[in-house]
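Notes follow once the structure below has been shown.
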Amino acid sequence: MTHTFTIAIDGPAGAGKGTLARRLADHYRLNLLDTGLTYRAVAHKLLEVGLPLDNVSAAETAARQVDLSNLDRTVLSAHTVGEAASKVAIIPTVRRILVEKQRAFAKAPPGAVLDGRDIGTVICPDADAKIFVIAAPEERARRRAAELQSSGQPADEAAILSDILKRDERDRSRATAPLKAAPDAHELDTTHLDIEAAVRAAIALVEQRVRR
């Protein structure tokens with residue numbers, strides 16, 4: 001690809017969009033951004049300095065300081081950071097600051113793969129290719145439990161499923177940038193696909209858009 005090219009990957013937690021985004025970025029040699037980490041970075045900063053998560057001024061400052069090229073997934077993936085991120089993410093000015101950063105990231109050559117919940121609808125509505133990744137809640141819970149167990153952590157699959165269902169409802173019903181597929185997005189159901197099959201299907205969808 002000789003021009004800036006953007007791929008938007010959206011979908012609920014556990015559907016596999018993060019792994020697909022990484023594989024597509026490698027395949028097409030594009031920049032990669034997990035937009036959820038940007039909100040986690042803001043939350044982590046507030047937790048680190050001991051400030052309340054509803055401190056709007058501090059959250060805005062933290063958002064402006066987020067370096068999209070230096071997001072530590074290991075640190076930011078902590079459960080406590082994720083819980084905190086959901087609270088700072090509802091601050092309108094924080095969202096505006098991070099959305100501007102995310103859009104600038106997408107426009108930088110040679111292009112980018114961005115994954116999140118509102119990429120194709122809000123962040124990059126003009127993305128060259130949009131994929132909305134889904135999977136049955138039960139399968140997403142099974143995957144998450146297996147992931148935790150493989151790292152030696154306890155996993156209650158029933159509790160994980162309950163959390164997933166609550167999170168889906170919260171993401172779909174929120175007033176700002178709710179989780180939904182863009183009208184021109186291709187839906188990819190990974191429920192019965194292993195990662196290699198899902199990657200092949202995603203590449204086929206992108207190539208279909210390129211040919212158009």
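In the structure tokens, the first chain shown is A, the next is B, and so on; residue numbers restart at 1 for each chain, and ligands run from 1 in the order shown.
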Write out, as a tab-separated table, each residue of region 68-127 of chain A that has an atom at most 7 Å from region 17-28 of chain A, together with the closest pair of atoms and their distance in Å to one decimal, counting only C-alpha atoms, rows going by chain and rising number.
```
residue	atom	partner	partner_atom	distance
A:Val113	CA	A:Ala25	CA	5.8
A:Leu114	CA	A:Ala21	CA	6.9
A:Asp115	CA	A:Ala21	CA	6.3
```
**OP:** Write out as a list of chain:residue names each polymer residue whose atoms come within 12 Å of Ser57 (chain A), counting only C-alpha atoms; drop sequence neighbours fewer than 6 positions from it.
**Re:**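 Answer for this query is A:Val42, A:Leu46, A:Leu51, A:Ala63, A:Arg64, A:Val88, A:Ile91, A:Pro92, A:Thr93, A:Val94.
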Produce a file of the selected residues containing N, CA, C and O atoms, as an mmCIF file, in the first residue's frame.
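Saved the output as out15.cif:
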```cif
data_model
loop_
_atom_site.group_PDB
_atom_site.id
_atom_site.type_symbol
_atom_site.label_atom_id
_atom_site.label_comp_id
_atom_site.auth_asym_id
_atom_site.auth_seq_id
_atom_site.Cartn_x
_atom_site.Cartn_y
_atom_site.Cartn_z
ATOM 1 N N VAL A 42 -4.942 7.276 31.028
ATOM 2 C CA VAL A 42 -5.412 8.409 31.818
ATOM 3 C C VAL A 42 -5.746 7.951 33.238
ATOM 4 O O VAL A 42 -5.330 8.563 34.229
ATOM 5 N N LEU A 46 -3.935 8.939 37.058
ATOM 6 C CA LEU A 46 -4.653 9.452 38.224
ATOM 7 C C LEU A 46 -4.463 8.531 39.438
ATOM 8 O O LEU A 46 -4.280 9.009 40.561
ATOM 9 N N LEU A 51 -5.020 10.827 42.744
ATOM 10 C CA LEU A 51 -6.076 11.818 42.555
ATOM 11 C C LEU A 51 -7.410 11.136 42.265
ATOM 12 O O LEU A 51 -7.440 10.053 41.672
ATOM 13 N N ALA A 63 -4.854 13.264 30.011
ATOM 14 C CA ALA A 63 -5.215 12.908 28.632
ATOM 15 C C ALA A 63 -4.295 13.607 27.631
ATOM 16 O O ALA A 63 -3.862 13.008 26.644
ATOM 17 N N ARG A 64 -3.999 14.865 27.885
ATOM 18 C CA ARG A 64 -3.113 15.606 26.979
ATOM 19 C C ARG A 64 -1.700 15.030 26.983
ATOM 20 O O ARG A 64 -0.970 15.147 25.996
ATOM 21 N N VAL A 88 -13.207 7.443 33.976
ATOM 22 C CA VAL A 88 -12.660 8.641 33.326
ATOM 23 C C VAL A 88 -13.157 8.760 31.887
ATOM 24 O O VAL A 88 -13.208 9.856 31.317
ATOM 25 N N ILE A 91 -15.958 11.294 30.988
ATOM 26 C CA ILE A 91 -15.723 12.737 31.058
ATOM 27 C C ILE A 91 -15.626 13.277 29.632
ATOM 28 O O ILE A 91 -14.701 12.922 28.896
ATOM 29 N N PRO A 92 -16.573 14.108 29.197
ATOM 30 C CA PRO A 92 -16.624 14.563 27.796
ATOM 31 C C PRO A 92 -15.331 15.188 27.287
ATOM 32 O O PRO A 92 -14.903 14.906 26.159
ATOM 33 N N THR A 93 -14.694 16.032 28.089
ATOM 34 C CA THR A 93 -13.473 16.694 27.620
ATOM 35 C C THR A 93 -12.324 15.705 27.457
ATOM 36 O O THR A 93 -11.488 15.854 26.554
ATOM 37 N N VAL A 94 -12.270 14.694 28.309
ATOM 38 C CA VAL A 94 -11.244 13.656 28.167
ATOM 39 C C VAL A 94 -11.455 12.910 26.856
ATOM 40 O O VAL A 94 -10.502 12.651 26.111
#
```
Subject >> Distance criterion (only C-alpha atoms): nearest to Lys107 (chain A) out of A:Ala136, A:Lys87, A:Asp128, A:Gln208 >> reply: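 Ranking A:Ala136, A:Lys87, A:Asp128, A:Gln208 by distance to Lys107 (chain A), first place goes to A:Asp128.
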Sel. of strand (DSSP E) residues, chain A, as a PDB file with C-alpha atoms, in the first residue's frame:
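Saved file selection-v2.pdb follows:
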```pdb
ATOM      1  CA  PHE A   5      -4.742   3.319   4.793  1.00  0.00           C
ATOM      2  CA  THR A   6      -6.969   2.927   7.838  1.00  0.00           C
ATOM      3  CA  ILE A   7      -8.616  -0.233   9.138  1.00  0.00           C
ATOM      4  CA  ALA A   8     -11.254   0.106  11.862  1.00  0.00           C
ATOM      5  CA  ILE A   9     -11.822  -2.897  14.124  1.00  0.00           C
ATOM      6  CA  ASP A  10     -14.773  -2.693  16.505  1.00  0.00           C
ATOM      7  CA  ASN A  31       0.677   1.364  12.808  1.00  0.00           C
ATOM      8  CA  LEU A  32      -1.445  -0.157  15.571  1.00  0.00           C
ATOM      9  CA  LEU A  33      -3.553   1.440  18.279  1.00  0.00           C
ATOM     10  CA  ASP A  34      -5.766  -0.134  20.916  1.00  0.00           C
ATOM     11  CA  GLY A 111      -1.808   4.378   8.008  1.00  0.00           C
ATOM     12  CA  ALA A 112      -3.095   2.396  10.948  1.00  0.00           C
ATOM     13  CA  VAL A 113      -5.253  -0.345  12.365  1.00  0.00           C
ATOM     14  CA  LEU A 114      -7.308   0.921  15.306  1.00  0.00           C
ATOM     15  CA  ASP A 115      -9.416  -1.267  17.542  1.00  0.00           C
ATOM     16  CA  GLY A 116     -12.069  -0.239  20.013  1.00  0.00           C
ATOM     17  CA  ALA A 129     -12.042  -0.922   5.768  1.00  0.00           C
ATOM     18  CA  LYS A 130     -14.289  -1.565   8.767  1.00  0.00           C
ATOM     19  CA  ILE A 131     -14.749  -4.866  10.555  1.00  0.00           C
ATOM     20  CA  PHE A 132     -17.177  -5.437  13.422  1.00  0.00           C
ATOM     21  CA  VAL A 133     -16.006  -8.515  15.327  1.00  0.00           C
ATOM     22  CA  ILE A 134     -18.539 -10.513  17.329  1.00  0.00           C
ATOM     23  CA  HIS A 186     -18.391  -6.071   7.646  1.00  0.00           C
ATOM     24  CA  GLU A 187     -19.456  -8.325  10.504  1.00  0.00           C
ATOM     25  CA  LEU A 188     -17.053 -11.126  11.403  1.00  0.00           C
ATOM     26  CA  ASP A 189     -18.333 -13.799  13.803  1.00  0.00           C
TER      27      ASP A 189
END
```
Subject >> Surrounding residues of region 190-196 of chain A excluding itself and chain neighbours under 2 positions, 6 Å, only C-alpha atoms, as a ChimeraX atom specification >> reply: /A:135-136,198-199
Output N, CA, C and O atoms for every residue in the selection just made, as a short mmCIF file (atom, residue, chain, number, x, y, z; two decimals), in the first residue's frame.
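So result-v7.cif came out as:
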```
data_model
loop_
_atom_site.label_atom_id
_atom_site.label_comp_id
_atom_site.auth_asym_id
_atom_site.auth_seq_id
_atom_site.Cartn_x
_atom_site.Cartn_y
_atom_site.Cartn_z
N ALA A 135 -18.74 -12.41 18.80
CA ALA A 135 -18.66 -13.82 19.21
C ALA A 135 -19.71 -14.01 20.29
O ALA A 135 -20.06 -13.06 21.01
N ALA A 136 -20.21 -15.21 20.41
CA ALA A 136 -21.22 -15.50 21.43
C ALA A 136 -20.65 -15.19 22.82
O ALA A 136 -19.49 -15.48 23.09
N ALA A 198 -9.76 -16.82 11.69
CA ALA A 198 -10.30 -15.46 11.86
C ALA A 198 -9.43 -14.44 11.13
O ALA A 198 -9.94 -13.52 10.49
N VAL A 199 -8.11 -14.62 11.21
CA VAL A 199 -7.20 -13.70 10.52
C VAL A 199 -7.40 -13.79 9.00
O VAL A 199 -7.46 -12.78 8.32
#
```
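In this comparison, which uses only C-alpha atoms, the residue of A:Pro137, A:Gly14, A:Gly36, A:Pro178 approaching Asp118 (chain A) most closely is A:Pro178.
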**OP:** Quick one: everything within 8 Å of region 77-83 of chain A, counting only C-alpha atoms, minus sequence neighbours fewer than 2 positions away in the same chain. Send it as a count of residues only.
**Re:** 10
**OP:** Once DSSP has gone over the backbone, tell me which residues of region 108-153 of chain A are in helix (DSSP H, G or I), as a list in words.
**Re:**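 Output for region 108-153 of chain A, helix (DSSP H, G or I) only: Ile119, Gly120, Thr121, Val122, Ile123, Pro137, Glu138, Glu139, Arg140, Ala141, Arg142, Arg143, Arg144, Ala145, Ala146, Glu147, Leu148, Gln149 and Ser150 of chain A.
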Write a file of the selected residues as a compact mmCIF listing (two decimals), in the first residue's frame, keeping all heavy atoms.
```
# COMPACT_ATOMS: atom_id res chain seq x y z
N ILE A 119 -14.62 2.99 16.61
CA ILE A 119 -13.67 3.40 15.58
C ILE A 119 -14.38 3.71 14.26
O ILE A 119 -14.22 4.79 13.69
CB ILE A 119 -12.59 2.32 15.34
CG1 ILE A 119 -11.97 1.85 16.65
CG2 ILE A 119 -11.52 2.86 14.39
CD1 ILE A 119 -11.33 2.95 17.46
N GLY A 120 -15.18 2.77 13.79
CA GLY A 120 -15.85 2.96 12.50
C GLY A 120 -16.97 3.96 12.53
O GLY A 120 -17.36 4.48 11.47
N THR A 121 -17.50 4.25 13.71
CA THR A 121 -18.63 5.18 13.80
C THR A 121 -18.22 6.60 14.20
O THR A 121 -18.83 7.57 13.75
CB THR A 121 -19.67 4.67 14.83
OG1 THR A 121 -19.00 4.42 16.07
CG2 THR A 121 -20.33 3.39 14.32
N VAL A 122 -17.19 6.73 15.05
CA VAL A 122 -16.82 8.04 15.60
C VAL A 122 -15.39 8.45 15.26
O VAL A 122 -15.15 9.53 14.73
CB VAL A 122 -17.01 8.07 17.13
CG1 VAL A 122 -16.53 9.39 17.71
CG2 VAL A 122 -18.47 7.83 17.49
N ILE A 123 -14.43 7.59 15.56
CA ILE A 123 -13.02 7.96 15.40
C ILE A 123 -12.63 8.06 13.94
O ILE A 123 -12.06 9.07 13.50
CB ILE A 123 -12.09 6.94 16.10
CG1 ILE A 123 -12.55 6.69 17.55
CG2 ILE A 123 -10.64 7.44 16.08
CD1 ILE A 123 -12.61 7.94 18.39
N PRO A 137 -21.46 -14.60 23.70
CA PRO A 137 -20.98 -14.27 25.05
C PRO A 137 -20.38 -15.48 25.78
O PRO A 137 -19.38 -15.35 26.48
CB PRO A 137 -22.24 -13.77 25.76
CG PRO A 137 -23.10 -13.25 24.65
CD PRO A 137 -22.85 -14.17 23.50
N GLU A 138 -20.98 -16.64 25.61
CA GLU A 138 -20.48 -17.83 26.28
C GLU A 138 -19.07 -18.20 25.80
O GLU A 138 -18.22 -18.61 26.60
CB GLU A 138 -21.43 -19.02 26.04
CG GLU A 138 -22.80 -18.88 26.66
CD GLU A 138 -23.73 -17.94 25.87
OE1 GLU A 138 -23.38 -17.56 24.73
OE2 GLU A 138 -24.80 -17.60 26.41
N GLU A 139 -18.83 -18.03 24.51
CA GLU A 139 -17.50 -18.31 23.97
C GLU A 139 -16.49 -17.28 24.44
O GLU A 139 -15.34 -17.61 24.75
CB GLU A 139 -17.56 -18.33 22.43
CG GLU A 139 -16.22 -18.45 21.73
CD GLU A 139 -15.47 -19.73 22.07
OE1 GLU A 139 -16.08 -20.69 22.61
OE2 GLU A 139 -14.25 -19.78 21.81
N ARG A 140 -16.91 -16.04 24.52
CA ARG A 140 -16.01 -14.99 25.00
C ARG A 140 -15.64 -15.23 26.46
O ARG A 140 -14.49 -15.02 26.86
CB ARG A 140 -16.67 -13.63 24.82
CG ARG A 140 -16.74 -13.21 23.34
CD ARG A 140 -17.90 -12.27 23.06
NE ARG A 140 -17.88 -11.11 23.91
CZ ARG A 140 -18.95 -10.36 24.17
NH1 ARG A 140 -20.13 -10.65 23.65
NH2 ARG A 140 -18.85 -9.31 24.95
N ALA A 141 -16.61 -15.70 27.26
CA ALA A 141 -16.34 -16.02 28.66
C ALA A 141 -15.38 -17.20 28.77
O ALA A 141 -14.46 -17.21 29.60
CB ALA A 141 -17.64 -16.32 29.40
N ARG A 142 -15.58 -18.21 27.92
CA ARG A 142 -14.70 -19.38 27.92
C ARG A 142 -13.27 -18.97 27.59
O ARG A 142 -12.31 -19.42 28.23
CB ARG A 142 -15.19 -20.40 26.91
CG ARG A 142 -14.42 -21.73 26.94
CD ARG A 142 -14.66 -22.55 25.69
NE ARG A 142 -14.11 -21.90 24.51
CZ ARG A 142 -12.82 -21.88 24.19
NH1 ARG A 142 -11.93 -22.45 25.00
NH2 ARG A 142 -12.41 -21.29 23.08
N ARG A 143 -13.10 -18.11 26.59
CA ARG A 143 -11.77 -17.65 26.19
C ARG A 143 -11.08 -16.88 27.32
O ARG A 143 -9.90 -17.06 27.58
CB ARG A 143 -11.88 -16.76 24.94
CG ARG A 143 -12.31 -17.48 23.68
CD ARG A 143 -12.56 -16.47 22.56
NE ARG A 143 -13.06 -17.11 21.35
CZ ARG A 143 -13.50 -16.43 20.28
NH1 ARG A 143 -13.47 -15.10 20.29
NH2 ARG A 143 -13.93 -17.08 19.22
N ARG A 144 -11.84 -16.01 27.95
CA ARG A 144 -11.26 -15.20 29.03
C ARG A 144 -10.85 -16.08 30.21
O ARG A 144 -9.78 -15.89 30.79
CB ARG A 144 -12.28 -14.15 29.49
CG ARG A 144 -11.80 -13.26 30.63
CD ARG A 144 -10.51 -12.54 30.29
NE ARG A 144 -10.08 -11.66 31.36
CZ ARG A 144 -8.84 -11.22 31.52
NH1 ARG A 144 -7.90 -11.58 30.65
NH2 ARG A 144 -8.53 -10.41 32.52
N ALA A 145 -11.69 -17.07 30.53
CA ALA A 145 -11.36 -17.98 31.62
C ALA A 145 -10.09 -18.76 31.29
O ALA A 145 -9.21 -18.94 32.15
CB ALA A 145 -12.52 -18.93 31.87
N ALA A 146 -10.00 -19.23 30.06
CA ALA A 146 -8.81 -19.98 29.63
C ALA A 146 -7.56 -19.12 29.69
O ALA A 146 -6.48 -19.58 30.08
CB ALA A 146 -9.02 -20.52 28.22
N GLU A 147 -7.72 -17.85 29.31
CA GLU A 147 -6.60 -16.91 29.34
C GLU A 147 -6.10 -16.71 30.77
O GLU A 147 -4.89 -16.71 31.02
CB GLU A 147 -7.03 -15.57 28.73
CG GLU A 147 -5.95 -14.51 28.69
CD GLU A 147 -6.46 -13.18 28.15
OE1 GLU A 147 -7.68 -13.06 27.89
OE2 GLU A 147 -5.65 -12.26 27.99
N LEU A 148 -7.02 -16.54 31.69
CA LEU A 148 -6.66 -16.35 33.09
C LEU A 148 -5.99 -17.60 33.66
O LEU A 148 -4.97 -17.52 34.35
CB LEU A 148 -7.89 -15.99 33.91
CG LEU A 148 -8.49 -14.60 33.67
CD1 LEU A 148 -9.83 -14.47 34.37
CD2 LEU A 148 -7.54 -13.51 34.15
N GLN A 149 -6.57 -18.74 33.36
CA GLN A 149 -6.04 -19.99 33.88
C GLN A 149 -4.63 -20.27 33.35
O GLN A 149 -3.78 -20.78 34.06
CB GLN A 149 -6.98 -21.14 33.52
CG GLN A 149 -8.30 -21.10 34.29
CD GLN A 149 -9.34 -22.04 33.72
OE1 GLN A 149 -9.17 -22.60 32.64
NE2 GLN A 149 -10.46 -22.19 34.44
N SER A 150 -4.39 -19.90 32.08
CA SER A 150 -3.08 -20.13 31.48
C SER A 150 -1.99 -19.30 32.14
O SER A 150 -0.81 -19.63 32.08
CB SER A 150 -3.12 -19.85 29.98
OG SER A 150 -3.30 -18.46 29.74
```
Original post:
Please, what distance in Å, to one decimal, runs between CA of Cys124 (chain A) and CA of Ala106 (chain A)?
Top reply: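 Interatomic distance, CA of Cys124 (chain A) to CA of Ala106 (chain A): 7.7 Å.
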